[in-house]
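Student: This is query.cif, which holds mmCIF, C-alpha atoms:
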data_coords
#
loop_
_atom_site.group_PDB
_atom_site.id
_atom_site.type_symbol
_atom_site.label_atom_id
_atom_site.label_comp_id
_atom_site.auth_asym_id
_atom_site.auth_seq_id
_atom_site.Cartn_x
_atom_site.Cartn_y
_atom_site.Cartn_z
ATOM 1 C CA TYR V 106 -182.334 5.191 -0.067
ATOM 2 C CA LEU V 107 -183.626 8.444 1.471
ATOM 3 C CA SER V 108 -185.917 6.578 3.861
ATOM 4 C CA SER V 109 -183.092 4.261 4.935
ATOM 5 C CA THR V 110 -180.756 7.212 5.505
ATOM 6 C CA ILE V 111 -183.306 9.084 7.625
ATOM 7 C CA GLN V 112 -184.047 6.029 9.738
ATOM 8 C CA LYS V 113 -180.341 5.476 10.447
ATOM 9 C CA ILE V 114 -179.756 9.146 11.327
ATOM 10 C CA THR V 115 -182.757 9.424 13.622
ATOM 11 C CA LEU V 116 -181.890 6.121 15.309
ATOM 12 C CA ILE V 117 -178.391 7.398 16.151
ATOM 13 C CA LEU V 118 -179.820 10.652 17.556
ATOM 14 C CA LYS V 119 -182.385 8.729 19.596
ATOM 15 C CA GLU V 120 -179.827 6.344 21.096
ATOM 16 C CA ASP V 121 -177.266 9.061 21.822
ATOM 17 C CA GLU V 122 -179.403 11.898 23.175
ATOM 18 C CA ASP V 123 -176.550 13.043 25.402
ATOM 19 C CA GLY V 124 -175.193 14.326 22.115
ATOM 20 C CA ASN V 125 -171.961 16.076 21.113
ATOM 21 C CA GLY V 126 -170.055 12.801 20.602
ATOM 22 C CA PRO V 127 -168.443 12.019 17.228
ATOM 23 C CA LEU V 128 -171.298 9.767 16.093
ATOM 24 C CA SER V 129 -173.990 12.286 17.019
ATOM 25 C CA MET V 130 -172.042 15.086 15.342
ATOM 26 C CA ALA V 131 -171.797 13.023 12.155
ATOM 27 C CA ALA V 132 -175.526 12.221 12.301
ATOM 28 C CA ILE V 133 -176.586 15.839 12.827
ATOM 29 C CA ALA V 134 -174.368 16.995 9.948
ATOM 30 C CA ALA V 135 -175.832 14.295 7.713
ATOM 31 C CA LEU V 136 -179.367 15.357 8.674
ATOM 32 C CA GLU V 137 -178.645 18.952 7.693
ATOM 33 C CA SER V 138 -177.300 17.737 4.351
ATOM 34 C CA VAL V 139 -180.433 15.668 3.743
ATOM 35 C CA LEU V 140 -182.732 18.596 4.549
ATOM 36 C CA THR V 141 -180.915 21.041 2.279
ATOM 37 C CA SER V 142 -180.258 18.790 -0.705
ATOM 38 C CA ALA V 143 -182.741 15.902 -0.885
ATOM 39 C CA ASP V 144 -186.312 15.883 -2.194
ATOM 40 C CA MET V 145 -188.407 15.744 0.967
ATOM 41 C CA SER V 146 -191.757 15.638 -0.819
ATOM 42 C CA CYS V 147 -192.056 11.841 -0.931
ATOM 43 C CA LEU V 148 -191.242 10.739 2.608
ATOM 44 C CA GLU V 149 -193.096 7.852 4.164
ATOM 45 C CA GLU V 150 -195.136 8.158 7.354
ATOM 46 C CA LYS V 151 -192.530 6.340 9.451
ATOM 47 C CA ASP V 152 -189.866 8.798 8.254
ATOM 48 C CA LEU V 153 -192.006 11.797 9.160
ATOM 49 C CA VAL V 154 -192.665 10.403 12.646
ATOM 50 C CA SER V 155 -188.965 9.750 13.221
ATOM 51 C CA LEU V 156 -188.010 13.195 11.944
ATOM 52 C CA GLY V 157 -190.629 14.868 14.122
ATOM 53 C CA LYS V 158 -189.194 13.254 17.245
ATOM 54 C CA SER V 159 -185.636 14.178 16.265
ATOM 55 C CA PHE V 160 -186.582 17.780 15.486
ATOM 56 C CA SER V 161 -188.303 18.069 18.863
ATOM 57 C CA PHE V 162 -185.141 16.893 20.629
ATOM 58 C CA ILE V 163 -182.869 19.122 18.511
ATOM 59 C CA SER V 164 -185.010 22.202 19.119
ATOM 60 C CA ARG V 165 -184.794 21.607 22.881
ATOM 61 C CA VAL V 166 -181.007 21.568 22.557
ATOM 62 C CA VAL V 167 -181.071 24.905 20.724
ATOM 63 C CA LEU V 168 -183.450 26.465 23.251
ATOM 64 C CA GLY V 169 -181.354 25.252 26.185
ATOM 65 C CA GLU V 170 -184.058 22.926 27.482
ATOM 66 C CA GLU V 171 -181.893 19.791 27.360
ATOM 67 C CA GLU V 172 -179.650 19.041 30.325
ATOM 68 C CA GLU V 173 -176.007 19.544 29.396
ATOM 69 C CA THR V 174 -173.633 16.717 30.219
ATOM 70 C CA VAL V 175 -170.366 18.586 29.604
ATOM 71 C CA ASP V 176 -168.843 21.837 30.753
ATOM 72 C CA ASP V 177 -170.540 24.949 29.306
ATOM 73 C CA LYS V 178 -167.215 26.161 27.917
ATOM 74 C CA SER V 179 -166.544 22.960 26.009
ATOM 75 C CA ASP V 180 -165.756 23.439 22.326
ATOM 76 C CA ASN V 181 -167.642 20.211 21.660
ATOM 77 C CA LEU V 182 -170.800 21.611 23.234
ATOM 78 C CA ASP V 183 -170.591 24.782 21.131
ATOM 79 C CA GLU V 184 -170.045 22.751 17.972
ATOM 80 C CA TRP V 185 -172.954 20.459 18.872
ATOM 81 C CA LYS V 186 -175.412 23.289 19.535
ATOM 82 C CA THR V 187 -174.320 25.166 16.409
ATOM 83 C CA ALA V 188 -174.925 22.037 14.313
ATOM 84 C CA CYS V 189 -178.363 21.626 15.930
ATOM 85 C CA ALA V 190 -179.167 25.273 15.154
ATOM 86 C CA ARG V 191 -178.285 24.726 11.487
ATOM 87 C CA VAL V 192 -180.674 21.769 11.313
ATOM 88 C CA ILE V 193 -183.609 23.687 12.829
ATOM 89 C CA GLY V 194 -182.843 26.593 10.493
ATOM 90 C CA ALA V 195 -183.015 24.195 7.550
ATOM 91 C CA VAL V 196 -186.344 22.790 8.796
ATOM 92 C CA ILE V 197 -187.873 26.272 9.045
ATOM 93 C CA ALA V 198 -186.504 27.256 5.625
ATOM 94 C CA LEU V 199 -187.893 24.108 4.022
ATOM 95 C CA GLY V 200 -191.293 24.312 5.702
ATOM 96 C CA LEU V 201 -191.925 28.031 5.216
ATOM 97 C CA CYS V 202 -191.166 27.751 1.511
ATOM 98 C CA GLN V 203 -194.521 25.958 1.304
ATOM 99 C CA GLU V 204 -196.404 28.595 3.325
ATOM 100 C CA LYS V 205 -198.405 30.200 0.504
ATOM 101 C CA GLU V 206 -198.746 27.088 -1.599
ATOM 102 C CA ASP V 207 -202.205 25.556 -2.043
ATOM 103 C CA ASP V 208 -202.422 22.788 0.553
ATOM 104 C CA ASP V 209 -204.249 20.597 -1.953
ATOM 105 C CA ALA V 210 -201.187 20.722 -4.221
ATOM 106 C CA LEU V 211 -198.780 19.662 -1.468
ATOM 107 C CA THR V 212 -197.823 16.097 -0.697
ATOM 108 C CA GLU V 213 -198.466 14.828 2.817
ATOM 109 C CA SER V 214 -194.776 15.095 3.719
ATOM 110 C CA CYS V 215 -194.646 18.723 2.520
ATOM 111 C CA LYS V 216 -197.707 19.530 4.640
ATOM 112 C CA ARG V 217 -196.043 17.955 7.685
ATOM 113 C CA MET V 218 -192.815 19.905 7.103
ATOM 114 C CA LYS V 219 -194.869 23.077 6.793
ATOM 115 C CA THR V 220 -196.633 22.308 10.072
ATOM 116 C CA LEU V 221 -193.341 21.602 11.819
ATOM 117 C CA ALA V 222 -191.819 24.856 10.587
ATOM 118 C CA THR V 223 -194.780 27.003 11.568
ATOM 119 C CA SER V 224 -194.807 25.475 15.051
ATOM 120 C CA LEU V 225 -191.048 25.867 15.567
ATOM 121 C CA LEU V 226 -190.720 29.464 14.361
ATOM 122 C CA PRO V 227 -192.752 31.185 17.141
ATOM 123 C CA GLU V 228 -190.751 29.342 19.813
ATOM 124 C CA ILE V 229 -187.445 30.296 18.232
ATOM 125 C CA LEU V 230 -188.493 33.934 17.746
ATOM 126 C CA ALA V 231 -189.757 34.247 21.319
ATOM 127 C CA SER V 232 -186.506 32.855 22.712
ATOM 128 C CA ALA V 233 -184.320 34.865 20.318
ATOM 129 C CA THR V 234 -185.924 38.182 21.272
ATOM 130 C CA SER V 235 -185.816 37.523 25.026
ATOM 131 C CA PRO V 236 -182.877 38.122 27.381
ATOM 132 C CA PRO V 237 -180.685 35.046 28.068
ATOM 133 C CA LYS V 238 -182.221 32.742 30.671
ATOM 134 C CA ASP V 239 -178.950 32.867 32.597
ATOM 135 C CA SER V 240 -177.969 36.526 33.082
ATOM 136 C CA SER V 241 -174.377 35.449 33.772
ATOM 137 C CA LYS V 242 -174.195 34.294 30.132
ATOM 138 C CA SER V 243 -175.293 37.564 28.542
ATOM 139 C CA ASN V 244 -172.337 37.491 26.152
ATOM 140 C CA SER V 245 -172.738 33.826 25.232
ATOM 141 C CA ILE V 246 -173.632 32.586 21.762
ATOM 142 C CA ARG V 247 -177.317 32.883 20.921
ATOM 143 C CA TYR V 248 -178.071 29.696 19.002
ATOM 144 C CA GLU V 249 -181.643 30.833 18.299
ATOM 145 C CA TRP V 250 -180.163 33.700 16.264
ATOM 146 C CA ALA V 251 -178.167 31.160 14.264
ATOM 147 C CA VAL V 252 -181.395 29.257 13.564
ATOM 148 C CA LEU V 253 -183.069 32.355 12.101
ATOM 149 C CA ALA V 254 -179.974 33.310 10.098
ATOM 150 C CA GLY V 255 -179.782 29.807 8.662
ATOM 151 C CA ALA V 256 -183.470 29.833 7.762
ATOM 152 C CA CYS V 257 -183.071 33.131 5.901
ATOM 153 C CA ALA V 258 -179.857 32.037 4.165
ATOM 154 C CA ASN V 259 -181.236 28.645 3.055
ATOM 155 C CA GLY V 260 -184.814 29.673 2.359
ATOM 156 C CA THR V 261 -186.545 31.684 -0.341
ATOM 157 C CA SER V 262 -187.218 35.410 -0.126
ATOM 158 C CA ARG V 263 -190.626 34.496 1.359
ATOM 159 C CA VAL V 264 -188.904 33.001 4.411
ATOM 160 C CA SER V 265 -186.881 36.174 5.016
ATOM 161 C CA GLN V 266 -190.007 38.316 4.596
ATOM 162 C CA LYS V 267 -191.843 36.273 7.226
ATOM 163 C CA ILE V 268 -189.019 36.432 9.776
ATOM 164 C CA VAL V 269 -188.139 40.095 9.166
ATOM 165 C CA SER V 270 -191.808 41.106 9.434
ATOM 166 C CA GLU V 271 -192.036 39.368 12.809
ATOM 167 C CA LEU V 272 -188.863 41.109 14.004
ATOM 168 C CA ILE V 273 -190.059 44.560 12.905
ATOM 169 C CA SER V 274 -193.320 43.945 14.771
ATOM 170 C CA GLY V 275 -191.266 42.838 17.767
ATOM 171 C CA ILE V 276 -189.142 46.012 17.688
ATOM 172 C CA ILE V 277 -192.262 48.195 17.576
ATOM 173 C CA ALA V 278 -193.913 46.216 20.388
ATOM 174 C CA ALA V 279 -190.768 46.539 22.517
ATOM 175 C CA LEU V 280 -190.682 50.309 21.962
ATOM 176 C CA ARG V 281 -194.310 50.551 23.088
ATOM 177 C CA SER V 282 -193.676 48.476 26.198
ATOM 178 C CA SER V 283 -192.204 49.437 29.539
ATOM 179 C CA GLN V 284 -189.613 46.646 29.532
ATOM 180 C CA ALA V 285 -186.077 47.613 30.489
ATOM 181 C CA ASP V 286 -184.339 45.965 27.514
ATOM 182 C CA GLN V 287 -186.073 47.203 24.370
ATOM 183 C CA GLY V 288 -183.219 46.446 21.991
ATOM 184 C CA ALA V 289 -183.362 42.626 21.848
ATOM 185 C CA PRO V 290 -185.430 42.282 18.629
ATOM 186 C CA ALA V 291 -183.251 44.909 16.916
ATOM 187 C CA MET V 292 -180.117 42.996 17.949
ATOM 188 C CA VAL V 293 -181.516 39.882 16.274
ATOM 189 C CA LEU V 294 -182.266 41.862 13.114
ATOM 190 C CA ALA V 295 -178.710 43.226 13.020
ATOM 191 C CA TYR V 296 -177.375 39.674 13.326
ATOM 192 C CA LEU V 297 -179.555 38.495 10.435
ATOM 193 C CA ILE V 298 -178.454 41.419 8.265
ATOM 194 C CA ARG V 299 -174.861 40.260 8.732
ATOM 195 C CA ARG V 300 -175.368 36.491 8.661
ATOM 196 C CA GLY V 301 -178.707 35.752 6.979
ATOM 197 C CA GLY V 302 -177.875 36.430 3.342
ATOM 198 C CA PRO V 303 -179.010 39.181 0.929
ATOM 199 C CA ASN V 304 -182.734 38.398 1.188
ATOM 200 C CA VAL V 305 -182.866 39.829 4.717
ATOM 201 C CA SER V 306 -182.024 43.431 3.814
ATOM 202 C CA VAL V 307 -184.176 43.219 0.672
ATOM 203 C CA ALA V 308 -187.105 42.058 2.818
ATOM 204 C CA PHE V 309 -186.456 44.771 5.433
ATOM 205 C CA HIS V 310 -186.584 47.605 2.913
ATOM 206 C CA GLY V 311 -189.313 45.996 0.818
ATOM 207 C CA MET V 312 -191.960 45.904 3.550
ATOM 208 C CA SER V 313 -195.108 47.858 2.748
ATOM 209 C CA PRO V 314 -198.437 48.434 4.523
ATOM 210 C CA PRO V 315 -200.403 46.718 5.947
ATOM 211 C CA GLU V 316 -197.233 44.911 7.045
ATOM 212 C CA PRO V 317 -195.075 46.844 9.547
ATOM 213 C CA THR V 318 -192.316 48.811 7.816
ATOM 214 C CA PRO V 319 -188.914 50.199 8.868
ATOM 215 C CA PHE V 320 -190.436 53.669 8.886
ATOM 216 C CA ASP V 321 -192.928 52.527 11.519
ATOM 217 C CA ILE V 322 -189.934 51.911 13.789
ATOM 218 C CA ILE V 323 -188.652 55.451 13.160
ATOM 219 C CA ASN V 324 -192.094 56.903 13.841
ATOM 220 C CA GLU V 325 -192.361 54.935 17.080
ATOM 221 C CA MET V 326 -189.012 56.251 18.281
ATOM 222 C CA CYS V 327 -190.202 59.806 17.605
ATOM 223 C CA LYS V 328 -192.971 59.461 20.187
ATOM 224 C CA PRO V 329 -192.671 60.357 23.875
ATOM 225 C CA LEU V 330 -192.006 57.370 26.114
ATOM 226 C CA GLN V 331 -194.954 58.156 28.403
ATOM 227 C CA LEU V 332 -198.345 59.129 27.035
ATOM 228 C CA GLY V 333 -200.967 60.491 29.413
ATOM 229 C CA SER V 334 -204.557 59.503 28.738
ATOM 230 C CA SER V 335 -205.431 63.095 27.909
ATOM 231 C CA GLU V 336 -202.811 63.069 25.155
ATOM 232 C CA GLU V 337 -203.978 59.864 23.501
ATOM 233 C CA LYS V 338 -206.379 59.785 20.581
ATOM 234 C CA MET V 339 -207.717 57.316 18.041
ATOM 235 C CA ASP V 340 -207.192 57.399 14.288
ATOM 236 C CA SER V 341 -209.891 56.707 11.682
ATOM 237 C CA GLU V 342 -209.270 52.951 11.974
ATOM 238 C CA GLY V 343 -209.585 52.901 15.754
ATOM 239 C CA ASN V 344 -205.863 52.595 16.465
ATOM 240 C CA MET V 345 -204.179 54.514 19.239
ATOM 241 C CA VAL V 346 -202.160 57.470 17.990
ATOM 242 C CA GLY V 347 -199.323 58.930 20.049
ATOM 243 C CA ARG V 348 -198.720 62.635 20.583
ATOM 244 C CA GLN V 349 -196.446 63.667 17.722
ATOM 245 C CA LEU V 350 -195.933 67.263 16.728
ATOM 246 C CA GLN V 351 -196.404 68.025 13.075
ATOM 247 C CA VAL V 352 -193.825 70.008 11.161
ATOM 248 C CA GLY V 353 -194.119 73.639 10.098
ATOM 249 C CA MET V 354 -193.568 77.226 11.223
ATOM 250 C CA SER V 355 -196.917 77.282 13.028
ATOM 251 C CA LEU V 356 -195.463 74.892 15.595
ATOM 252 C CA LEU V 357 -192.425 76.980 16.441
ATOM 253 C CA GLN V 358 -191.844 76.639 20.178
ATOM 254 C CA LEU V 359 -190.748 79.475 22.398
ATOM 255 C CA PRO V 360 -187.955 78.810 24.950
ATOM 256 C CA ALA V 361 -190.375 78.153 27.825
ATOM 257 C CA SER V 362 -192.356 75.509 25.928
ATOM 258 C CA ARG V 363 -189.184 73.897 24.598
ATOM 259 C CA ALA V 364 -187.783 73.571 28.120
ATOM 260 C CA LYS V 365 -191.005 71.869 29.208
ATOM 261 C CA ASP V 366 -190.531 69.137 26.597
ATOM 262 C CA GLU V 367 -186.776 68.835 27.022
ATOM 263 C CA LYS V 368 -186.686 65.966 29.525
ATOM 264 C CA VAL V 369 -189.195 63.847 27.608
ATOM 265 C CA ALA V 370 -187.305 64.550 24.397
ATOM 266 C CA ASN V 371 -183.997 63.576 25.971
ATOM 267 C CA ASP V 372 -185.505 60.305 27.199
ATOM 268 C CA ALA V 373 -186.741 59.560 23.688
ATOM 269 C CA ILE V 374 -183.299 60.261 22.238
ATOM 270 C CA LYS V 375 -181.669 58.015 24.846
ATOM 271 C CA ARG V 376 -184.046 55.210 23.909
ATOM 272 C CA ALA V 377 -183.406 55.744 20.202
ATOM 273 C CA LYS V 378 -179.651 55.530 20.738
ATOM 274 C CA SER V 379 -180.123 52.061 22.241
ATOM 275 C CA ILE V 380 -181.942 50.895 19.090
ATOM 276 C CA LEU V 381 -180.405 52.776 16.152
ATOM 277 C CA PRO V 382 -176.949 51.119 16.187
ATOM 278 C CA PHE V 383 -178.663 47.818 15.405
ATOM 279 C CA LEU V 384 -180.657 49.330 12.513
ATOM 280 C CA VAL V 385 -177.692 51.060 10.857
ATOM 281 C CA PRO V 386 -176.363 47.841 9.206
ATOM 282 C CA ALA V 387 -179.640 47.516 7.299
ATOM 283 C CA TYR V 388 -179.147 50.982 5.806
ATOM 284 C CA GLU V 389 -175.609 50.164 4.687
ATOM 285 C CA ARG V 390 -176.878 47.693 2.084
ATOM 286 C CA SER V 391 -177.512 48.535 -1.563
ATOM 287 C CA SER V 392 -181.161 47.563 -1.116
ATOM 288 C CA ALA V 393 -181.593 50.553 1.238
ATOM 289 C CA ALA V 394 -181.871 53.190 -1.535
ATOM 290 C CA SER V 395 -185.653 53.576 -1.353
ATOM 291 C CA SER V 396 -185.714 53.684 2.451
ATOM 292 C CA CYS V 397 -182.897 56.220 2.591
ATOM 293 C CA GLY V 398 -184.805 58.396 0.138
ATOM 294 C CA GLY V 399 -187.848 58.333 2.419
ATOM 295 C CA LEU V 400 -185.726 59.206 5.451
ATOM 296 C CA ALA V 401 -184.096 62.106 3.630
ATOM 297 C CA GLN V 402 -187.519 63.461 2.654
ATOM 298 C CA PHE V 403 -188.721 63.139 6.256
ATOM 299 C CA VAL V 404 -185.665 64.938 7.679
ATOM 300 C CA ASP V 405 -185.834 67.655 5.034
ATOM 301 C CA GLN V 406 -189.199 68.780 6.461
ATOM 302 C CA ILE V 407 -187.732 69.485 9.897
ATOM 303 C CA LEU V 408 -184.574 71.380 8.998
ATOM 304 C CA PRO V 409 -183.916 73.649 10.741
ATOM 305 C CA PRO V 410 -185.567 72.155 13.865
ATOM 306 C CA LEU V 411 -188.244 74.468 15.211
ATOM 307 C CA SER V 412 -189.253 72.448 18.273
ATOM 308 C CA GLU V 413 -187.897 69.984 20.770
ATOM 309 C CA TRP V 414 -189.595 67.172 18.871
ATOM 310 C CA ASP V 415 -188.128 68.330 15.570
ATOM 311 C CA GLU V 416 -184.735 67.753 17.209
ATOM 312 C CA VAL V 417 -185.811 64.287 18.340
ATOM 313 C CA LYS V 418 -186.827 63.382 14.818
#
Go ahead and express the file in the form of structure tokens.

Tutor:
Amino acid sequence: YLSSTIQKITLILKEDEDGNGPLSMAAIAALESVLTSADMSCLEEKDLVSLGKSFSFISRVVLGEEEETVDDKSDNLDEWKTACARVIGAVIALGLCQEKEDDDALTESCKRMKTLATSLLPEILASATSPPKDSSKSNSIRYEWAVLAGACANGTSRVSQKIVSELISGIIAALRSSQADQGAPAMVLAYLIRRGGPNVSVAFHGMSPPEPTPFDIINEMCKPLQLGSSEEKMDSEGNMVGRQLQVGMSLLQLPASRAKDEKVANDAIKRAKSILPFLVPAYERSSAASSCGGLAQFVDQILPPLSEWDEVK
């Protein structure tokens, strides 16, 4: 029965690739239902091939790579793309649930779903954390965000950990770059906190080294935007370390030295203000207790502020 259902769904999607008609909408909704409720571990080869082709087409719809045949403002188009985003989210959730399983213990269909998910996720993340392709649509719906939210909501805690870890790394990389818009990955994270279920905030506050952690984002924002080569140094592991003043009375700055750092400090604060509003939702969850404790301990060391960089922190 499952094989017959999949073949019928994929055939409809193949024959009606213009999409967003009633039959395609019914087929895409049925496909989401199959992915989230049926046992996908015993699919036949022909079903996996058909699904792979359909997922490829659906992902192109989500990423805006398929030519649109109706007006951009059409409610049908929005409904169609949202339904496609839910399907790709379900695929990623299903595939990533297998990520740490022993491959020898997985059926062939589970291995294929895992491969599909791991190939789709980087594309979705890259698109989600980039500015809209059409700058005139900056306020339009980001269907890639809906994919990630659906994956987190439908998947296990492992799925949320994988996605959140990638987003934290993306936020840190953006802060270290010279790109104009450094807030895109943080905007995605804020969306997932609101729409991706409870596992997202738990994953965010549960990150620990060697994985990037929320505190790594705070530390990155406490660094000057521009580092001269004479101010750069390497840590014991060979990683570049930014110029960050330590806390303590010995680092008390006199007015002249504080004025010298004022512009750089103001630039750092301006950058932080473009990121922090998107991180605040994560700290409004009950799972934030441990992170808030660490932040309070960090701030307690620099009260009252004795330098320009104490004020930044």

Student: With range 127-146 of chain V as the partner and 12 Å as the cut-off, tabulate the residues of range 249-294 of chain V that qualify, each row holding the nearest pair of atoms and their distance in Å to one decimal, using all atoms listed in the file, sorted by chain and rising number, as CSV.

Tutor:
residue,atom,partner,partner_atom,distance
V:Gly255,CA,V:Thr141,CA,10.9
V:Ala256,CA,V:Thr141,CA,10.7
V:Ala258,CA,V:Thr141,CA,11.2
V:Asn259,CA,V:Thr141,CA,7.7
V:Gly260,CA,V:Thr141,CA,9.5

Student: List the residues selected by the PyMOL selection byres ((chain V and resi 322) around 12) in the file shown, writing them as a PyMOL selection string.

Tutor: chain V and resi 270+272-281+288+290-291+309+317-321+323-328+377+380-381+384+400+418

Student: Run the PyMOL selection byres ((chain V and resi 416) around 12) on the file and write out the hits as a list in words.

Tutor: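 That selection, the PyMOL selection byres ((chain V and resi 416) around 12), comes back as Cys327, Leu350, Val352, Gln358, Arg363, Asp366, Glu367, Val369, Ala370, Asn371, Ala373, Ile374, Val404, Gln406, Ile407, Leu408, Pro409, Pro410, Leu411, Ser412, Glu413, Trp414, Asp415, Val417 and Lys418 of chain V.
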
Student: Report the residues retrieved by the PyMOL selection byres ((chain V and resi 267) around 12) from the displayed file, expressed as a PyMOL selection string.

Tutor: chain V and resi 197-198+201-202+204-205+222-223+226-227+230+253+256-257+260-266+268-274+304-305+308-309+311-312+316-317

Student: CA of Val252 in chain V and CA of Ser108 in chain V, how far apart in Å?

Tutor: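 CA of Val252 in chain V lies at a distance of 25.1 Å from CA of Ser108 in chain V.
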
Student: May I ask for the distance between CA of Thr212 in chain V and CA of Ser155 in chain V, given in Å to one decimal place?

Tutor: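 Result for CA of Thr212 in chain V versus CA of Ser155 in chain V: 17.7 Å, one decimal.
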
Student: Determine the nearest neighbour of Arg217 in chain V from the options V:Pro382, V:Leu199, V:Val293, V:Lys113, counting all atoms listed in the file.

Tutor: V:Leu199

Student: Within 12 Å of (-170.8, 26.9, 16.7) (coordinates as in the file), grab all the protein and nucleic acid residues, counting all atoms listed in the file, and write them out as a list in words.

Tutor: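 Using all atoms listed in the file, the matching residues come out as Asn125, Met130, Val167, Lys178, Ser179, Asp180, Asn181, Leu182, Asp183, Glu184, Trp185, Lys186, Thr187, Ala188, Cys189, Ala190, Arg191, Ser245, Ile246, Arg247, Tyr248, Glu249, Trp250, Ala251 and Val252 of chain V.
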
Student: Include C-alpha atoms and write out the residues we just selected as a PDB file, in the frame of the given file.

Tutor:
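Dumped everything to selection-v6.pdb:
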ATOM      1  CA  ASN V 125    -171.961  16.076  21.113  1.00  0.00           C
ATOM      2  CA  MET V 130    -172.042  15.086  15.342  1.00  0.00           C
ATOM      3  CA  VAL V 167    -181.071  24.905  20.724  1.00  0.00           C
ATOM      4  CA  LYS V 178    -167.215  26.161  27.917  1.00  0.00           C
ATOM      5  CA  SER V 179    -166.544  22.960  26.009  1.00  0.00           C
ATOM      6  CA  ASP V 180    -165.756  23.439  22.326  1.00  0.00           C
ATOM      7  CA  ASN V 181    -167.642  20.211  21.660  1.00  0.00           C
ATOM      8  CA  LEU V 182    -170.800  21.611  23.234  1.00  0.00           C
ATOM      9  CA  ASP V 183    -170.591  24.782  21.131  1.00  0.00           C
ATOM     10  CA  GLU V 184    -170.045  22.751  17.972  1.00  0.00           C
ATOM     11  CA  TRP V 185    -172.954  20.459  18.872  1.00  0.00           C
ATOM     12  CA  LYS V 186    -175.412  23.289  19.535  1.00  0.00           C
ATOM     13  CA  THR V 187    -174.320  25.166  16.409  1.00  0.00           C
ATOM     14  CA  ALA V 188    -174.925  22.037  14.313  1.00  0.00           C
ATOM     15  CA  CYS V 189    -178.363  21.626  15.930  1.00  0.00           C
ATOM     16  CA  ALA V 190    -179.167  25.273  15.154  1.00  0.00           C
ATOM     17  CA  ARG V 191    -178.285  24.726  11.487  1.00  0.00           C
ATOM     18  CA  SER V 245    -172.738  33.826  25.232  1.00  0.00           C
ATOM     19  CA  ILE V 246    -173.632  32.586  21.762  1.00  0.00           C
ATOM     20  CA  ARG V 247    -177.317  32.883  20.921  1.00  0.00           C
ATOM     21  CA  TYR V 248    -178.071  29.696  19.002  1.00  0.00           C
ATOM     22  CA  GLU V 249    -181.643  30.833  18.299  1.00  0.00           C
ATOM     23  CA  TRP V 250    -180.163  33.700  16.264  1.00  0.00           C
ATOM     24  CA  ALA V 251    -178.167  31.160  14.264  1.00  0.00           C
ATOM     25  CA  VAL V 252    -181.395  29.257  13.564  1.00  0.00           C
TER      26      VAL V 252
END

Student: Taking (-187.8, 16.8, 15.0) in the file's coordinates as the center, which residues reach within 10 Å of it, counting all atoms listed in the file, put as a CSV table (one decimal) with C-alpha atoms, in the frame of the given file?

Tutor:
chain,number,residue,atom,x,y,z
V,115,THR,CA,-182.8,9.4,13.6
V,153,LEU,CA,-192.0,11.8,9.2
V,154,VAL,CA,-192.7,10.4,12.6
V,155,SER,CA,-189.0,9.8,13.2
V,156,LEU,CA,-188.0,13.2,11.9
V,157,GLY,CA,-190.6,14.9,14.1
V,158,LYS,CA,-189.2,13.3,17.2
V,159,SER,CA,-185.6,14.2,16.3
V,160,PHE,CA,-186.6,17.8,15.5
V,161,SER,CA,-188.3,18.1,18.9
V,162,PHE,CA,-185.1,16.9,20.6
V,163,ILE,CA,-182.9,19.1,18.5
V,164,SER,CA,-185.0,22.2,19.1
V,165,ARG,CA,-184.8,21.6,22.9
V,192,VAL,CA,-180.7,21.8,11.3
V,193,ILE,CA,-183.6,23.7,12.8
V,196,VAL,CA,-186.3,22.8,8.8
V,218,MET,CA,-192.8,19.9,7.1
V,221,LEU,CA,-193.3,21.6,11.8
V,225,LEU,CA,-191.0,25.9,15.6

Student: Could you check how far CA of Pro329 in chain V sits from CA of Ser282 in chain V, in Å to one decimal?

Tutor: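 Taking CA of Pro329 in chain V and CA of Ser282 in chain V, their separation equals 12.1 Å.
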